[in-house]
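Chemist: Could you have a look at this structure, given as structure tokens, before my questions?
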Amino acid sequence: MSRGLFKTRFGFIAAAAGSAVGLGNIWRFPYETGQNGGAIFLLFYIAAIFLICLPILIAEITIGRKTRLNPFGAFKLLGGKAYAVFGFFGLLSGVMILSFYNVVAGWAFGYLLKIVSGELHATTEFGQVFGDYVSNAGSVTTHAAIFMIGTAFIVGAGIQKGIERWTSLLMPILIFMMLGLVAYAVTLPGAIDGLRFYLVPDTSKINLEMILSAISQAFFSLGLGLGLLVTYGSYVSDSQNLVRSATIIAIMDTFIAFLAGLLIFPLVFSQNLTPGAGPGLVFVTLPGVFYSMGPVVGKVIGSLFFLLLCFAALTSTISILESPVIFLQDQFKIKRKWSVAIMATITFIIGIPSLLSQGASEYFTSFVSYGGQSKGFLDLINDVFSEISLPLGGLLIALLVIYKWKFSNMVEEVSKGNSKFRKSLSNNYVHIILKYVAPILMGVLIIIKIFTNFLGKDLF
Ligand code: TRP
């Protein structure tokens with residue numbers, strides 16, 4: 001059964017950058033920055049991307065190209081049974097992440113409809129509008145279902161005709177829309193205060209929690225740690241320079257997150273609003289901004305913004321669905337169309353408690369209580385499968401490369417498309433990060449996270 005290959009280098013980069021650029025960049029990054037003191041968070045985030053994440057990104061893609069398999073098959077081949085288990089756990093975490101990611105993507109779609117229809121310009125109670133919306137089981141379920149069906153449709157069409165074609169189309173549009181919106185936002189009166197918040201670091205805001213959030217954000221934003229990029233790597237031709245492609249992907253991801261901040265903070269400050277709303281920044285604060293811009297300008301800018309958010313989310317949901325799909329095909333010889341139907345349905349069903357956990361169902365809204373807080377189902381899944389699984393997976397990938405597969409074999413694989421890699425500085429850099437920096441930092445991060453998130457204890 002044929003697995004598929006990306007046709008062009010651009011196609012692979014568009015797909016992988018599409019995987020990286022998503023709600024993590026445009027929804028989560030700005031609200032994390034808003035809550036964590038602005039510019040200083042941006043600095044730590046950029047440091048985390050290049051000092052920890054980029055080498056892991058290169059490792060994931062290289063493992064994929066070497067094995068031409070899904071993460072489970074790849075880790076089994078290179079690392080044996082124990083690593084196969086963690087490859088499987090990575091896939092499972094991906095399914096769990098997609099189950100709630102698709103819920104938020106559905107909200108973005110719902111908000112696109114709301115602003116286009118003029119509904120968001122008929123009120124000023126944006127907090128209440130959001131609360132009513134997310135607790136309305138019918139709307140959120142419909143929107144999430146549409147989003148999942150769209151994702152399944154693209155993944156079902158295959159690597160070149162589905163994933164490569166769509167991401168190659170959507171990513172350039174997304175970048176142009178973003179640049180246009182930023183150009184508009186930074187010229188608004190009052191934008192300068194937003195730029196100051198975003199670009200002038202306030203060192204008094206440095207603290208451990210902020211640093212850990214920046215590292216978590218970097219992992220989430222690149223979509224690293226679960227081996228899902230092993231899958232995309234398995235469709236890349238041997239002649240491609242993986243170090244260069246991975247660097248371009250990391251730069252694009254960072255650049256789009258950076259632009260999202262450059263768009264959102266000037267907008268927020270131009271209306272004298274505050275940036276610390278948390279997850280509500282995009283769904284509560286921004287609608288207020290679009291409202292103040294008036295029914296014409298506000299509607300145009302707002303519609304473009306939510307359309308952009310949908311595109312970004314779509315290129316990410318595609319990438320998360322692809323891994324379990326190719327897993328079914330590689331391991332059980334199930335045809336792509338069937339794998340897609342099976343995985344999309346399972347993921348959607350797993351997502352239903354998350355869908356209902358924002359007020360629609362009392363039971364799922366205050367589902368558990370740990371760390372001194374009551375948590376909804378969506379928070380629980382996020383805490384376990386993205387806050388813990390991602391850095392844990394990053395740690396295990398580094399260990400796999402260094403101690404099982406051996407770094408010299410990775411160098412050989414990378415060298416296929418990059419004959420200078422063996423003697424280059426980037427070789428030493430990737431080696432040192434994978435061997436020392438990533439394992440130590442990830443180990444510390446995981447321990448602290450478990451204490452602070454789950455046990456409600458501050459270690460320092
Ligand atoms: N990186 C994407 C974003 O920023 C989300 C994503 C795609 C992801 N693939 C992933 C997150 C794998 C975790 C793991 O929105």
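Letters A, B, ... mark the chains of the structure tokens in the order given; residue numbers begin at 1 per chain; ligand numbers begin at 1, in order shown.
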List all protein, DNA and RNA residues that have any atom at most 7 Å from ligand 1, counting only C-alpha atoms and all ligand atoms, and write the list as a PyMOL selection string.

Modeler: chain A and resi 19-25+94+97+220-226+228+313+316-317+319-320+386+390

Chemist: Could you give me, as a list in words, the residues within 9 Å of Leu113 (chain A), counting only C-alpha atoms and dropping anything in the same chain fewer than 6 positions from it?

Modeler: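 After dropping sequence-adjacent residues, the list is Glu119, Ser303 and Phe306 of chain A.
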
Chemist: Let me make sure I understand: among A:Ala183, A:Ile26, A:Leu120, A:Ile149, which one has the smallest atom-to-atom distance to Ile342 (chain A) if we use only C-alpha atoms?

Modeler: A:Ile149

Chemist: For Phe327 (chain A), list every protein, DNA or RNA residue within 8 Å, evaluated using only C-alpha atoms, and leave out those in the same chain fewer than 2 positions away; present the list as a PyMOL selection string.

Modeler: chain A and resi 69-73+323-325+329-332

Chemist: Counting only C-alpha atoms, what is within 10 Å of region 236-245 of chain A, bar same-chain residues fewer than 2 positions away, as a PyMOL selection string?

Modeler: chain A and resi 4-13+16-17+54-55+57-59+61-62+64-66+68+231-234+247-251+413-419+421+426-427+430

Chemist: Next, the residues of the selection above should be written as a tab-separated table (two decimals), in the first residue's frame with N, CA and C atoms.

Modeler:
chain	number	residue	atom	x	y	z
A	4	GLY	N	2.97	7.54	0.21
A	4	GLY	CA	2.98	8.91	-0.28
A	4	GLY	C	4.27	9.65	0.06
A	5	LEU	N	4.54	10.68	-0.72
A	5	LEU	CA	5.72	11.54	-0.53
A	5	LEU	C	5.28	12.97	-0.85
A	6	PHE	N	5.91	13.95	-0.19
A	6	PHE	CA	5.67	15.33	-0.61
A	6	PHE	C	6.32	15.54	-1.96
A	7	LYS	N	5.62	16.28	-2.82
A	7	LYS	CA	6.14	16.47	-4.17
A	7	LYS	C	7.32	17.45	-4.17
A	8	THR	N	7.18	18.55	-3.43
A	8	THR	CA	8.23	19.57	-3.46
A	8	THR	C	8.72	19.91	-2.05
A	9	ARG	N	9.87	20.59	-2.01
A	9	ARG	CA	10.41	21.06	-0.74
A	9	ARG	C	9.45	22.10	-0.13
A	10	PHE	N	8.94	22.95	-1.00
A	10	PHE	CA	7.98	23.96	-0.52
A	10	PHE	C	6.77	23.27	0.12
A	11	GLY	N	6.31	22.18	-0.53
A	11	GLY	CA	5.14	21.47	-0.02
A	11	GLY	C	5.37	20.93	1.37
A	12	PHE	N	6.55	20.35	1.59
A	12	PHE	CA	6.84	19.84	2.94
A	12	PHE	C	6.89	20.98	3.94
A	13	ILE	N	7.57	22.07	3.56
A	13	ILE	CA	7.70	23.18	4.51
A	13	ILE	C	6.32	23.78	4.81
A	16	ALA	N	4.57	21.31	7.20
A	16	ALA	CA	5.13	21.28	8.55
A	16	ALA	C	4.98	22.63	9.25
A	17	ALA	N	5.13	23.72	8.50
A	17	ALA	CA	4.90	25.02	9.11
A	17	ALA	C	3.41	25.18	9.42
A	54	LEU	N	14.45	23.32	18.49
A	54	LEU	CA	14.88	23.09	17.11
A	54	LEU	C	15.63	21.77	16.92
A	55	PRO	N	16.59	21.43	17.81
A	55	PRO	CA	17.25	20.13	17.64
A	55	PRO	C	16.29	18.94	17.76
A	57	LEU	N	13.16	19.04	16.92
A	57	LEU	CA	12.42	19.06	15.65
A	57	LEU	C	13.22	18.35	14.55
A	58	ILE	N	14.52	18.67	14.47
A	58	ILE	CA	15.37	18.02	13.47
A	58	ILE	C	15.38	16.51	13.72
A	59	ALA	N	15.48	16.12	14.99
A	59	ALA	CA	15.52	14.69	15.32
A	59	ALA	C	14.24	13.99	14.88
A	61	ILE	N	12.02	14.77	12.54
A	61	ILE	CA	11.89	14.66	11.09
A	61	ILE	C	12.88	13.63	10.54
A	62	THR	N	14.09	13.63	11.11
A	62	THR	CA	15.11	12.69	10.63
A	62	THR	C	14.71	11.24	10.92
A	64	GLY	N	11.74	10.13	11.07
A	64	GLY	CA	10.69	9.80	10.11
A	64	GLY	C	11.26	9.43	8.75
A	65	ARG	N	12.22	10.25	8.28
A	65	ARG	CA	12.74	9.98	6.95
A	65	ARG	C	13.54	8.68	6.93
A	66	LYS	N	14.26	8.42	8.01
A	66	LYS	CA	15.05	7.19	8.08
A	66	LYS	C	14.14	5.95	8.02
A	68	ARG	N	10.70	5.81	7.47
A	68	ARG	CA	9.51	5.87	6.59
A	68	ARG	C	8.31	5.18	7.25
A	231	THR	N	5.97	11.55	11.40
A	231	THR	CA	5.07	11.22	10.28
A	231	THR	C	5.34	12.09	9.07
A	232	TYR	N	5.38	13.41	9.26
A	232	TYR	CA	5.64	14.28	8.11
A	232	TYR	C	7.04	14.01	7.55
A	233	GLY	N	8.00	13.75	8.43
A	233	GLY	CA	9.36	13.45	7.98
A	233	GLY	C	9.40	12.20	7.11
A	234	SER	N	8.47	11.28	7.35
A	234	SER	CA	8.49	10.03	6.59
A	234	SER	C	8.04	10.22	5.14
A	247	THR	N	14.90	24.49	10.22
A	247	THR	CA	15.17	25.86	10.69
A	247	THR	C	14.14	26.83	10.10
A	248	ILE	N	13.83	26.64	8.82
A	248	ILE	CA	12.81	27.51	8.21
A	248	ILE	C	11.47	27.34	8.92
A	249	ILE	N	11.13	26.09	9.24
A	249	ILE	CA	9.85	25.84	9.92
A	249	ILE	C	9.82	26.53	11.28
A	250	ALA	N	10.92	26.39	12.04
A	250	ALA	CA	10.96	27.02	13.37
A	250	ALA	C	10.89	28.54	13.26
A	251	ILE	N	11.59	29.09	12.26
A	251	ILE	CA	11.57	30.55	12.10
A	251	ILE	C	10.16	31.02	11.70
A	413	GLU	N	21.97	9.96	8.44
A	413	GLU	CA	20.69	10.20	7.76
A	413	GLU	C	20.57	11.66	7.32
A	414	VAL	N	20.92	12.57	8.23
A	414	VAL	CA	20.83	14.00	7.87
A	414	VAL	C	21.76	14.29	6.69
A	415	SER	N	22.92	13.65	6.67
A	415	SER	CA	23.92	13.93	5.64
A	415	SER	C	23.47	13.59	4.23
A	416	LYS	N	22.48	12.71	4.11
A	416	LYS	CA	21.99	12.36	2.77
A	416	LYS	C	21.64	13.58	1.94
A	417	GLY	N	21.02	14.55	2.59
A	417	GLY	CA	20.62	15.73	1.82
A	417	GLY	C	21.46	16.94	2.19
A	418	ASN	N	22.54	16.71	2.94
A	418	ASN	CA	23.31	17.82	3.48
A	418	ASN	C	24.71	17.31	3.76
A	419	SER	N	25.51	17.22	2.70
A	419	SER	CA	26.80	16.52	2.83
A	419	SER	C	27.77	17.25	3.76
A	421	PHE	N	26.97	18.46	6.67
A	421	PHE	CA	26.50	18.43	8.06
A	421	PHE	C	27.51	17.81	9.02
A	426	SER	N	26.50	23.08	13.23
A	426	SER	CA	25.15	22.68	13.63
A	426	SER	C	25.13	21.22	14.12
A	427	ASN	N	26.01	20.42	13.61
A	427	ASN	CA	26.13	19.05	14.09
A	427	ASN	C	26.43	19.03	15.59
A	430	VAL	N	23.41	20.44	17.65
A	430	VAL	CA	22.31	19.48	17.82
A	430	VAL	C	22.70	18.39	18.82

Chemist: Measuring atom to atom with only C-alpha atoms, identify which of A:Thr347, A:Gln128, A:Ser216, A:Ser117 is nearest to Asn102 (chain A).

Modeler: A:Thr347

Chemist: Here is a test: counting only C-alpha atoms, which residue of A:Ala152, A:Phe451, A:Ala137, A:Thr285 is nearest to Arg336 (chain A)?

Modeler: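 Ranking A:Ala152, A:Phe451, A:Ala137, A:Thr285 by distance to Arg336 (chain A), first place goes to A:Ala152.
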
Chemist: Just checking: using only C-alpha atoms, which residue out of A:Phe377, A:Phe130, A:Phe50, A:Tyr429 ends up closest to Met96 (chain A)?

Modeler: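 Closest to Met96 (chain A) of all the choices is A:Phe377.
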
Chemist: Between A:Ile433, A:Ala277, A:Val140, A:Leu112, single out the one closest to Lys299 (chain A), counting only C-alpha atoms.

Modeler: A:Leu112

Chemist: Compile the contact shell of Ile349 (chain A) as a list in words: residues with an atom at most 12 Å away, counting only C-alpha atoms, same-chain residues fewer than 3 positions apart removed.

Modeler: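 These residues fall inside the cut-off: Val95, Met96, Leu98, Ser99, Phe100, Asn102, Val103, Thr141, Ala144, Ala145, Met148, Ile342, Met343, Ala344, Thr345, Ile346, Ile352, Pro353, Ser354, Leu355 and Leu356 of chain A.
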
Chemist: Store the residues picked out above in a file with N, CA and C atoms, as a PDB file, in the first residue's frame.

Modeler:
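Generated output (result_17.pdb):
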ATOM      1  N   VAL A  95      -4.132  12.123  19.702  1.00  0.00           N
ATOM      2  CA  VAL A  95      -5.590  11.995  19.568  1.00  0.00           C
ATOM      3  C   VAL A  95      -6.285  12.799  20.666  1.00  0.00           C
ATOM      4  N   MET A  96      -5.751  12.711  21.885  1.00  0.00           N
ATOM      5  CA  MET A  96      -6.369  13.447  22.997  1.00  0.00           C
ATOM      6  C   MET A  96      -6.259  14.962  22.770  1.00  0.00           C
ATOM      7  N   LEU A  98      -5.951  16.488  19.853  1.00  0.00           N
ATOM      8  CA  LEU A  98      -6.854  16.867  18.767  1.00  0.00           C
ATOM      9  C   LEU A  98      -8.299  16.941  19.261  1.00  0.00           C
ATOM     10  N   SER A  99      -8.637  16.052  20.209  1.00  0.00           N
ATOM     11  CA  SER A  99     -10.024  16.031  20.691  1.00  0.00           C
ATOM     12  C   SER A  99     -10.425  17.381  21.299  1.00  0.00           C
ATOM     13  N   PHE A 100      -9.495  18.050  21.998  1.00  0.00           N
ATOM     14  CA  PHE A 100      -9.901  19.363  22.535  1.00  0.00           C
ATOM     15  C   PHE A 100      -9.486  20.520  21.633  1.00  0.00           C
ATOM     16  N   ASN A 102      -9.720  20.565  18.478  1.00  0.00           N
ATOM     17  CA  ASN A 102     -10.803  20.716  17.513  1.00  0.00           C
ATOM     18  C   ASN A 102     -11.989  21.486  18.106  1.00  0.00           C
ATOM     19  N   VAL A 103     -12.165  21.380  19.427  1.00  0.00           N
ATOM     20  CA  VAL A 103     -13.236  22.137  20.088  1.00  0.00           C
ATOM     21  C   VAL A 103     -12.961  23.638  19.970  1.00  0.00           C
ATOM     22  N   THR A 141     -21.188  21.898  19.270  1.00  0.00           N
ATOM     23  CA  THR A 141     -21.064  20.557  18.671  1.00  0.00           C
ATOM     24  C   THR A 141     -21.121  20.655  17.149  1.00  0.00           C
ATOM     25  N   ALA A 144     -17.799  22.245  15.855  1.00  0.00           N
ATOM     26  CA  ALA A 144     -16.661  21.312  15.975  1.00  0.00           C
ATOM     27  C   ALA A 144     -16.815  20.180  14.961  1.00  0.00           C
ATOM     28  N   ALA A 145     -18.039  19.731  14.737  1.00  0.00           N
ATOM     29  CA  ALA A 145     -18.256  18.640  13.777  1.00  0.00           C
ATOM     30  C   ALA A 145     -17.876  19.098  12.368  1.00  0.00           C
ATOM     31  N   MET A 148     -14.124  19.121  12.085  1.00  0.00           N
ATOM     32  CA  MET A 148     -13.537  17.781  11.986  1.00  0.00           C
ATOM     33  C   MET A 148     -13.794  17.177  10.605  1.00  0.00           C
ATOM     34  N   ILE A 342     -12.398   6.344  10.587  1.00  0.00           N
ATOM     35  CA  ILE A 342     -12.342   5.750  11.934  1.00  0.00           C
ATOM     36  C   ILE A 342     -11.745   6.746  12.932  1.00  0.00           C
ATOM     37  N   MET A 343     -10.569   7.311  12.592  1.00  0.00           N
ATOM     38  CA  MET A 343      -9.882   8.169  13.559  1.00  0.00           C
ATOM     39  C   MET A 343     -10.633   9.476  13.798  1.00  0.00           C
ATOM     40  N   ALA A 344     -11.192  10.052  12.740  1.00  0.00           N
ATOM     41  CA  ALA A 344     -11.918  11.320  12.943  1.00  0.00           C
ATOM     42  C   ALA A 344     -13.134  11.079  13.838  1.00  0.00           C
ATOM     43  N   THR A 345     -13.803   9.963  13.629  1.00  0.00           N
ATOM     44  CA  THR A 345     -14.989   9.685  14.453  1.00  0.00           C
ATOM     45  C   THR A 345     -14.601   9.446  15.910  1.00  0.00           C
ATOM     46  N   ILE A 346     -13.574   8.615  16.114  1.00  0.00           N
ATOM     47  CA  ILE A 346     -13.144   8.335  17.494  1.00  0.00           C
ATOM     48  C   ILE A 346     -12.737   9.635  18.195  1.00  0.00           C
ATOM     49  N   ILE A 352     -16.207  14.992  22.941  1.00  0.00           N
ATOM     50  CA  ILE A 352     -17.523  15.462  23.397  1.00  0.00           C
ATOM     51  C   ILE A 352     -17.519  15.950  24.860  1.00  0.00           C
ATOM     52  N   PRO A 353     -16.904  15.203  25.794  1.00  0.00           N
ATOM     53  CA  PRO A 353     -16.845  15.759  27.161  1.00  0.00           C
ATOM     54  C   PRO A 353     -16.152  17.126  27.203  1.00  0.00           C
ATOM     55  N   SER A 354     -15.107  17.328  26.389  1.00  0.00           N
ATOM     56  CA  SER A 354     -14.456  18.639  26.359  1.00  0.00           C
ATOM     57  C   SER A 354     -15.398  19.702  25.810  1.00  0.00           C
ATOM     58  N   LEU A 355     -16.126  19.332  24.752  1.00  0.00           N
ATOM     59  CA  LEU A 355     -17.115  20.246  24.168  1.00  0.00           C
ATOM     60  C   LEU A 355     -18.108  20.735  25.216  1.00  0.00           C
ATOM     61  N   LEU A 356     -18.498  19.794  26.093  1.00  0.00           N
ATOM     62  CA  LEU A 356     -19.548  20.114  27.071  1.00  0.00           C
ATOM     63  C   LEU A 356     -18.986  20.690  28.360  1.00  0.00           C
TER      64      LEU A 356
END

Chemist: Using only C-alpha atoms, determine which residues lie at most 9 Å from Gly190 (chain A), disregarding the query and same-chain residues fewer than 5 positions distant; provide the list as a PyMOL selection string.

Modeler: chain A and resi 266-267+269-272

Chemist: Just asking: which residues within region 194-386 of chain A are helix (DSSP H, G or I) according to DSSP, as a ChimeraX atom specification?

Modeler: /A:194-199,203-205,208-222,228-233,242-270,280-292,297-332,336-358,362-365,377-386

Chemist: Once you have the residues from the selection above, write them out as a CSV table (one decimal), in the first residue's frame, restricted to C-alpha atoms.

Modeler:
chain,number,residue,atom,x,y,z
A,194,GLY,CA,0.8,47.9,23.0
A,195,LEU,CA,4.1,47.9,21.2
A,196,ARG,CA,5.9,49.0,24.4
A,197,PHE,CA,4.2,46.2,26.4
A,198,TYR,CA,5.1,43.7,23.8
A,199,LEU,CA,8.6,44.8,22.9
A,203,THR,CA,13.0,42.1,33.9
A,204,SER,CA,11.0,42.4,37.2
A,205,LYS,CA,8.6,39.9,35.6
A,208,LEU,CA,10.2,30.4,37.2
A,209,GLU,CA,6.5,29.9,36.3
A,210,MET,CA,6.9,32.3,33.4
A,211,ILE,CA,10.0,30.5,32.1
A,212,LEU,CA,8.3,27.1,32.3
A,213,SER,CA,5.2,28.5,30.5
A,214,ALA,CA,7.5,29.8,27.8
A,215,ILE,CA,9.1,26.3,27.3
A,216,SER,CA,5.7,24.6,27.3
A,217,GLN,CA,4.5,27.1,24.8
A,218,ALA,CA,7.5,26.5,22.5
A,219,PHE,CA,6.8,22.7,22.5
A,220,PHE,CA,3.1,23.2,21.8
A,221,SER,CA,3.7,25.7,19.2
A,222,LEU,CA,6.1,23.6,17.2
A,228,LEU,CA,3.9,13.6,15.1
A,229,LEU,CA,6.6,15.2,13.0
A,230,VAL,CA,8.1,11.8,12.5
A,231,THR,CA,5.1,11.2,10.3
A,232,TYR,CA,5.6,14.3,8.1
A,233,GLY,CA,9.4,13.4,8.0
A,242,LEU,CA,16.5,18.6,6.8
A,243,VAL,CA,18.5,21.0,9.0
A,244,ARG,CA,17.6,23.9,6.6
A,245,SER,CA,14.0,22.9,6.3
A,246,ALA,CA,13.6,22.5,10.1
A,247,THR,CA,15.2,25.9,10.7
A,248,ILE,CA,12.8,27.5,8.2
A,249,ILE,CA,9.8,25.8,9.9
A,250,ALA,CA,11.0,27.0,13.4
A,251,ILE,CA,11.6,30.5,12.1
A,252,MET,CA,8.2,30.7,10.4
A,253,ASP,CA,6.4,29.4,13.5
A,254,THR,CA,8.2,32.0,15.7
A,255,PHE,CA,7.6,34.7,13.1
A,256,ILE,CA,3.8,34.1,13.0
A,257,ALA,CA,3.5,34.0,16.7
A,258,PHE,CA,5.5,37.3,16.8
A,259,LEU,CA,3.2,38.8,14.3
A,260,ALA,CA,0.1,37.7,16.2
A,261,GLY,CA,1.4,39.7,19.2
A,262,LEU,CA,2.2,42.6,16.9
A,263,LEU,CA,-1.4,42.5,15.8
A,264,ILE,CA,-3.2,41.8,19.0
A,265,PHE,CA,-1.5,44.1,21.5
A,266,PRO,CA,-1.8,47.3,19.5
A,267,LEU,CA,-5.4,46.4,18.9
A,268,VAL,CA,-6.1,45.8,22.6
A,269,PHE,CA,-4.2,48.9,23.8
A,270,SER,CA,-5.7,51.1,21.1
A,280,GLY,CA,-10.6,35.0,26.7
A,281,LEU,CA,-8.2,37.4,25.0
A,282,VAL,CA,-9.2,36.4,21.5
A,283,PHE,CA,-12.8,35.6,22.2
A,284,VAL,CA,-13.8,38.3,24.6
A,285,THR,CA,-11.3,41.2,24.5
A,286,LEU,CA,-10.9,41.2,20.7
A,287,PRO,CA,-14.6,41.3,19.9
A,288,GLY,CA,-14.7,44.4,22.1
A,289,VAL,CA,-12.0,45.9,19.9
A,290,PHE,CA,-13.8,45.1,16.7
A,291,TYR,CA,-17.0,46.5,18.1
A,292,SER,CA,-15.3,49.8,18.9
A,297,VAL,CA,-14.2,48.5,9.6
A,298,GLY,CA,-14.6,46.3,12.7
A,299,LYS,CA,-16.5,43.8,10.8
A,300,VAL,CA,-14.0,43.6,8.0
A,301,ILE,CA,-10.9,43.4,10.3
A,302,GLY,CA,-12.7,41.0,12.7
A,303,SER,CA,-13.8,38.7,9.9
A,304,LEU,CA,-10.3,38.6,8.5
A,305,PHE,CA,-9.0,37.8,11.9
A,306,PHE,CA,-11.3,34.9,12.6
A,307,LEU,CA,-10.8,33.5,9.1
A,308,LEU,CA,-7.1,33.6,9.7
A,309,LEU,CA,-7.6,31.8,13.0
A,310,CYS,CA,-9.6,29.1,11.2
A,311,PHE,CA,-7.0,28.6,8.5
A,312,ALA,CA,-4.2,28.4,11.1
A,313,ALA,CA,-6.2,25.8,13.1
A,314,LEU,CA,-7.1,23.8,10.1
A,315,THR,CA,-3.5,23.3,8.9
A,316,SER,CA,-2.7,22.0,12.5
A,317,THR,CA,-5.7,19.7,12.9
A,318,ILE,CA,-4.7,18.1,9.5
A,319,SER,CA,-1.3,17.4,10.9
A,320,ILE,CA,-2.5,15.9,14.1
A,321,LEU,CA,-5.0,13.6,12.4
A,322,GLU,CA,-2.5,12.4,9.9
A,323,SER,CA,-0.3,10.5,12.4
A,324,PRO,CA,-3.0,8.1,13.7
A,325,VAL,CA,-4.3,7.6,10.2
A,326,ILE,CA,-0.9,6.5,8.8
A,327,PHE,CA,-0.5,4.4,11.9
A,328,LEU,CA,-3.6,2.4,11.0
A,329,GLN,CA,-2.4,2.1,7.4
A,330,ASP,CA,1.2,1.1,8.3
A,331,GLN,CA,0.4,-1.3,11.1
A,332,PHE,CA,-3.0,-2.8,10.1
A,336,ARG,CA,-6.5,5.8,4.0
A,337,LYS,CA,-10.2,6.6,3.6
A,338,TRP,CA,-11.2,4.1,6.2
A,339,SER,CA,-8.5,5.1,8.6
A,340,VAL,CA,-9.5,8.7,8.3
A,341,ALA,CA,-13.2,7.9,8.9
A,342,ILE,CA,-12.3,5.7,11.9
A,343,MET,CA,-9.9,8.2,13.6
A,344,ALA,CA,-11.9,11.3,12.9
A,345,THR,CA,-15.0,9.7,14.5
A,346,ILE,CA,-13.1,8.3,17.5
A,347,THR,CA,-11.4,11.7,18.1
A,348,PHE,CA,-14.7,13.6,17.8
A,349,ILE,CA,-16.4,11.3,20.3
A,350,ILE,CA,-13.5,11.6,22.8
A,351,GLY,CA,-13.9,15.4,22.4
A,352,ILE,CA,-17.5,15.5,23.4
A,353,PRO,CA,-16.8,15.8,27.2
A,354,SER,CA,-14.5,18.6,26.4
A,355,LEU,CA,-17.1,20.2,24.2
A,356,LEU,CA,-19.5,20.1,27.1
A,357,SER,CA,-17.0,21.2,29.7
A,358,GLN,CA,-17.5,24.9,29.3
A,362,GLU,CA,-22.3,20.7,35.0
A,363,TYR,CA,-20.7,17.3,35.4
A,364,PHE,CA,-17.9,17.9,32.8
A,365,THR,CA,-17.5,21.6,33.7
A,377,PHE,CA,-12.7,18.0,31.4
A,378,LEU,CA,-10.9,20.1,28.8
A,379,ASP,CA,-8.4,21.5,31.4
A,380,LEU,CA,-7.7,17.9,32.6
A,381,ILE,CA,-6.9,16.6,29.1
A,382,ASN,CA,-4.8,19.7,28.4
A,383,ASP,CA,-2.8,19.4,31.7
A,384,VAL,CA,-2.1,15.7,31.2
A,385,PHE,CA,-1.7,15.4,27.4
A,386,SER,CA,-0.1,18.7,26.5

Chemist: Could you work out how far CA of Leu400 (chain A) lies from CA of Ile440 (chain A), giving the answer in Å with one decimal?

Modeler: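 Atom-to-atom, CA of Ile440 (chain A) and CA of Leu400 (chain A) are spaced 14.7 Å apart.
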
Chemist: What's around region 455-457 of chain A at 10 Å? Count only C-alpha atoms, leave out sequence neighbours fewer than 4 positions away in its own chain, and write the answer as a ChimeraX atom specification.

Modeler: /A:370-373,448-451

Chemist: Of the candidates A:Ile192, A:Arg422, A:Arg3, A:Gly18, which shows the shortest atom-to-atom distance to Arg165 (chain A), using only C-alpha atoms?

Modeler: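 Closest to Arg165 (chain A) of all the choices is A:Gly18.
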